[in-house]
Amino acid sequence: MKGPGGTFMTEYLKCGGYDAFRRDRLLRPRGLGRRDLVSGLGAGVAGSFLVPGGMRAADRSASDSFAPVAEENALIAFGHTGPITDGGWTTAHDLGVQAVRKAFPKLRLVYVESVPYSADATRIFRQFVAEGAQMVIATSNYGDFIKDVADRAPGVAFLECDGHTVTDNLGWFYITHWYASYIIGIAAGLMTKTGKLGYVGTFPVPSVYASANATLLGAQSVNPACTMNAIAINSWFDPQAATQAASALVDSGCDFLCGITDEPAYLRVAESRGIKAAMWNLGMRQFGPKAYVSSVVLDFSRFYVEQVKARLNGTWHAAPRFLTLANGVDRDSWGETVPPEIATRADEMRSRILAGYNPFRGPIRDNSGAVRVPAGVVMDDDTIYQWDWGVQGMTGLG
Amino acid sequence: MIALLTGLLSTAVLAGGVLSLAAIGEVLAERVGVTDLGVEGLMSLGAATAIVTVMAVPDPWAGLLAALAVGALGGAVFAFAAVVMRANQVLCGLAITFLGLGLSATIGHSVAGMPAPVTFAPVRIPVLGSLPVIGPAFFAQNLLVVPVYLLLPAFFHWLLFHTRHGLNMRAVGENPAAADAAGIPVVAMRFCYVVVGAALAGAAGAYLSLAVIPSWSEGMVSGRGWIAVALVIFAGYRPFNAAAAGLLFGLITAIGFLGQARGWPIAAPVLNMLPYLGTLAFIILPVVLWKRMRRVMAAPAALGVPYYRSVR
């Protein structure tokens, strides 16, 4: 779903222009985004590469499922949802890819950027298999587009970020970012003067609900009057729309912005309007040092290295995996303008969560006032992962 | 209420400037009969070039100049193919778009995601800047706003409609054979204004990456070049209308976000649809309600048709 995509030309030029990339990008004749006019053309180009490979994968017997592979013979393939230079989500995943390269220098690593959410994705994953990849990792949810490939390539391990399906050789992983959001929400609740938080959202999907709700619940835990206005900008990456959305939120009285976009546009708005903001994906204080409070930082390095190692050893198995707080997701170190007592108070909750406390406990009401999580009930990660309603005090997001 | 209006208009002016600048450039190219669909790529190229330039020379004007130059260069490549060699304009335009998107990703790769070291910072123009609502929106923003919305449209309107040179330009767009017979250098005229238009598209990219965002990332233009091309039709191929159309588009987008921020009882997807609904409405309504508009707003008769002197 994510990312605007490059073009055939982009990929071609990068192949020629960057030696460092050329080595890793033997398989990259595409990367067309859905918005590109000639995506049909790209599909044709991609398709022609793939016919023999699909056959080879089907021939592979099930008996060598996840057999150990020597590092120098291994091929690990990544399908990125956006360009690795997006400065957010895909950059965070690329840092993980770099960690894998460092940990296994003899391994062959390939990746394709801006894999569209369409049948083109199937072709790209199938081509990975055709090239002989032992493991394919997708950095976003590709649903049936990846499952179809996995079902026909039983010897290949598939991992999907933000996925929902587990089969014999397809697993998914996701970060439990809601705990980091909750911690940042506490700081937001203590720092806001108007009691109105602004949220620059993308699409009304569970990860966005979980992020926005967690931040608001964190804020309400210290400042019960807090409310949140959310805007869906219909894109993971559109700095100009995010800028406009952020300005609209500030004009409506919000004095603390948070969100889930792939880039730092709304932090700059916060900086220029003299309010505070918390970010997502990576530490971004350089874009607005005065406004910067913290960020939900993602770190896939350890997870990717572990997973690749397990695959090489032949011990990998398909499973749903959550990367927990301090193991792949955390709050960034606090911004320079965050008062120490507020940072301490938020970090107390961080310590409690690390010790096993779950702050998502009933009663939790939805934005119509109805109790959705009764008193005494705790929302576990699986429930939060499916969150599709806004909590009390939330407007926008439906 | 005043504060809200001011905020709304300021956001619209800032964001709409990108579209206005690119649309004014496209008006020039289309007035001389050339459809330049390379705007998206040229904007992207301009945006990347501007950031790379200010990283080396910390002066936003240097970035703008570099973007103008790169836009003009891209425009010259396009004009050579589409005007001099008379290749299909639509295909050449698409090629320039993809070339521009790809090249800009390559040029900008090393600086992607980094904040611009210098930007077109807001400057308050004395007296005018203190007018209510309009002051903060037009005269207290970055220094490109006044040229984009007032000076450039005024200049090109004067050029197109109040000079003999402008009459010649329009003649080239309406009937190149007649213009040629009258001694107007058709190819030179087309080449020149395609290049000027492309330079403005490059400048629109610089405006985006130095004044609005301000940073470079791949895919940052995200379709605004195409919107600029559409706005030219809506604007009836007139510079002032093009600038106003950019502003209107910015305003409608801003209203959509404001509606969501304020929790208006309208579904978010409907509010997100506003710019497109608005464009449809503003194209259809004037033509339906006011028959004369059909003639006034019509496209140049020879738009998109390569000119061969030897034929006929």
# chains A, B, ... in the order shown; residues from 1 in each chain; ligands from 1
>>> closest_atom_pairs(of="chain B", to="chain A", cutoff="6 Å", atoms="only C-alpha atoms", output="tab-separated table")
residue	atom	partner	partner_atom	distance
B:Gly102	CA	A:Thr10	CA	3.5
B:Ala112	CA	A:Thr85	CA	5.7
B:Gly113	CA	A:Gly87	CA	5.0
B:Ser217	CA	A:Asp86	CA	5.9
B:Gly219	CA	A:Pro4	CA	5.5
B:Phe257	CA	A:Ala245	CA	5.2
B:Leu258	CA	A:Ala248	CA	4.8
B:Gln260	CA	A:Ile231	CA	5.5
B:Ala261	CA	A:Leu249	CA	5.2
B:Gly263	CA	A:Thr395	CA	5.8
>>> closest_atom_pairs(of="range 160-246 of chain B", to="range 74-91 of chain B", cutoff="6 Å", atoms="only C-alpha atoms", output="Markdown table")
| residue | atom | partner | partner_atom | distance |
| --- | --- | --- | --- | --- |
| B:Phe191 | CA | B:Ala79 | CA | 5.5 |
| B:Val195 | CA | B:Gly75 | CA | 4.6 |
| B:Ala198 | CA | B:Gly75 | CA | 4.9 |
>>> write_last_selection(atoms="C-alpha atoms", output="compact mmCIF listing (two decimals), in the first residue's frame")
# COMPACT_ATOMS: atom_id res chain seq x y z
CA PHE B 191 10.82 26.08 -28.83
CA VAL B 195 11.61 26.04 -22.65
CA ALA B 198 9.56 24.03 -18.52
>>> select_by_dssp(residues="range 258-320 of chain A", states="alpha helix (DSSP H)", output="short mmCIF file (atom, residue, chain, number, x, y, z; two decimals) with C-alpha atoms, in the first residue's frame")
data_model
loop_
_atom_site.label_atom_id
_atom_site.label_comp_id
_atom_site.auth_asym_id
_atom_site.auth_seq_id
_atom_site.Cartn_x
_atom_site.Cartn_y
_atom_site.Cartn_z
CA ALA A 265 6.49 17.23 7.32
CA TYR A 266 4.19 17.87 10.30
CA LEU A 267 7.17 18.27 12.65
CA ARG A 268 8.25 21.26 10.58
CA VAL A 269 4.77 22.73 10.86
CA ALA A 270 4.93 22.25 14.63
CA GLU A 271 8.35 23.91 14.74
CA SER A 272 7.20 26.93 12.75
CA ARG A 273 3.94 27.30 14.70
CA SER A 301 18.11 -5.00 12.81
CA ARG A 302 18.12 -7.62 15.53
CA PHE A 303 14.92 -9.27 14.32
CA TYR A 304 16.11 -9.55 10.72
CA VAL A 305 19.52 -10.91 11.75
CA GLU A 306 17.83 -13.51 13.99
CA GLN A 307 15.39 -14.56 11.31
CA VAL A 308 18.05 -14.87 8.62
CA LYS A 309 20.27 -16.79 11.02
CA ALA A 310 17.43 -19.18 11.83
CA ARG A 311 16.80 -19.73 8.14
CA LEU A 312 20.50 -20.42 7.45
CA ASN A 313 20.60 -22.90 10.33
#
>>> residues_around(residues="range 141-150 of chain A", least_positions_apart="5", cutoff="9 Å", atoms="only C-alpha atoms", output="short mmCIF file (atom, residue, chain, number, x, y, z; two decimals) with C-alpha atoms, in the first residue's frame")
data_model
loop_
_atom_site.label_atom_id
_atom_site.label_comp_id
_atom_site.auth_asym_id
_atom_site.auth_seq_id
_atom_site.Cartn_x
_atom_site.Cartn_y
_atom_site.Cartn_z
CA MET A 1 0.00 0.00 0.00
CA GLY A 54 7.85 -20.36 -11.27
CA THR A 81 6.94 -1.11 0.14
CA PRO A 116 3.13 -2.04 -5.55
CA TYR A 117 0.13 -3.60 -3.83
CA SER A 118 -1.04 -5.40 -6.96
CA ALA A 119 -0.41 -8.48 -9.09
CA ASP A 120 3.01 -6.94 -9.81
CA ALA A 121 3.92 -7.87 -6.25
CA THR A 122 3.20 -11.53 -7.03
CA ARG A 123 5.53 -11.33 -10.01
CA PHE A 125 8.06 -12.33 -5.18
CA ARG A 126 7.89 -15.13 -7.73
CA VAL A 129 11.91 -17.57 -5.80
CA GLY A 155 11.01 -24.71 0.43
CA VAL A 156 11.20 -20.94 0.70
CA ALA A 157 10.59 -19.07 3.94
CA PHE A 158 8.28 -16.05 3.62
CA GLU A 160 5.45 -10.45 5.83
CA CYS A 161 5.36 -7.33 7.94
CA ASP A 162 1.87 -6.38 9.16
CA GLY A 163 0.50 -9.65 7.73
CA HIS A 164 -2.42 -11.70 8.99
CA THR A 165 -1.90 -15.15 7.46
CA THR A 167 0.88 -21.07 6.62
CA ASP A 168 3.62 -23.72 6.67
CA ASN A 169 6.13 -21.34 5.10
CA LEU A 170 4.57 -17.88 5.49
CA TRP A 172 4.26 -12.40 9.74
#
>>> closest_residue(among="A:Leu325, A:Val338, A:Met379, A:Asp330", to="Ala291 in chain A", atoms="only C-alpha atoms")
A:Val338
>>> select_by_dssp(residues="range 58-193 of chain A", states="strand (DSSP E or B)", output="NGL selection string")
:A and (75-79 or 108-112 or 135-138 or 157-161 or 170-175)
>>> write_last_selection(atoms="C-alpha atoms", output="short mmCIF file (atom, residue, chain, number, x, y, z; two decimals), in the first residue's frame")
data_model
loop_
_atom_site.label_atom_id
_atom_site.label_comp_id
_atom_site.auth_asym_id
_atom_site.auth_seq_id
_atom_site.Cartn_x
_atom_site.Cartn_y
_atom_site.Cartn_z
CA LEU A 75 20.08 -15.65 -1.23
CA ILE A 76 17.81 -13.51 0.93
CA ALA A 77 15.36 -11.19 -0.83
CA PHE A 78 13.55 -8.12 0.51
CA GLY A 79 10.51 -6.52 -1.08
CA ARG A 108 23.74 -12.58 -1.30
CA LEU A 109 21.12 -9.94 -0.56
CA VAL A 110 18.71 -8.49 -3.07
CA TYR A 111 15.93 -6.01 -2.66
CA VAL A 112 13.30 -4.27 -4.76
CA MET A 135 13.96 -16.46 2.27
CA VAL A 136 11.70 -13.64 1.10
CA ILE A 137 10.83 -10.77 3.42
CA ALA A 138 8.13 -8.21 2.54
CA ALA A 157 10.59 -19.07 3.94
CA PHE A 158 8.28 -16.05 3.62
CA LEU A 159 7.94 -13.27 6.15
CA GLU A 160 5.45 -10.45 5.83
CA CYS A 161 5.36 -7.33 7.94
CA LEU A 170 4.57 -17.88 5.49
CA GLY A 171 4.81 -16.01 8.76
CA TRP A 172 4.26 -12.40 9.74
CA PHE A 173 5.79 -9.92 12.14
CA TYR A 174 4.76 -6.56 13.50
CA ILE A 175 5.93 -4.08 16.07
#
>>> closest_residue(among="B:Thr6, B:Thr106, B:Ser20, B:Ser215", to="Ala201 in chain B", atoms="only C-alpha atoms")
B:Ser20
>>> closest_residue(among="B:Gly93, B:Pro122, B:Gly246, B:Pro153", to="Val232 in chain B", atoms="only C-alpha atoms")
B:Gly246
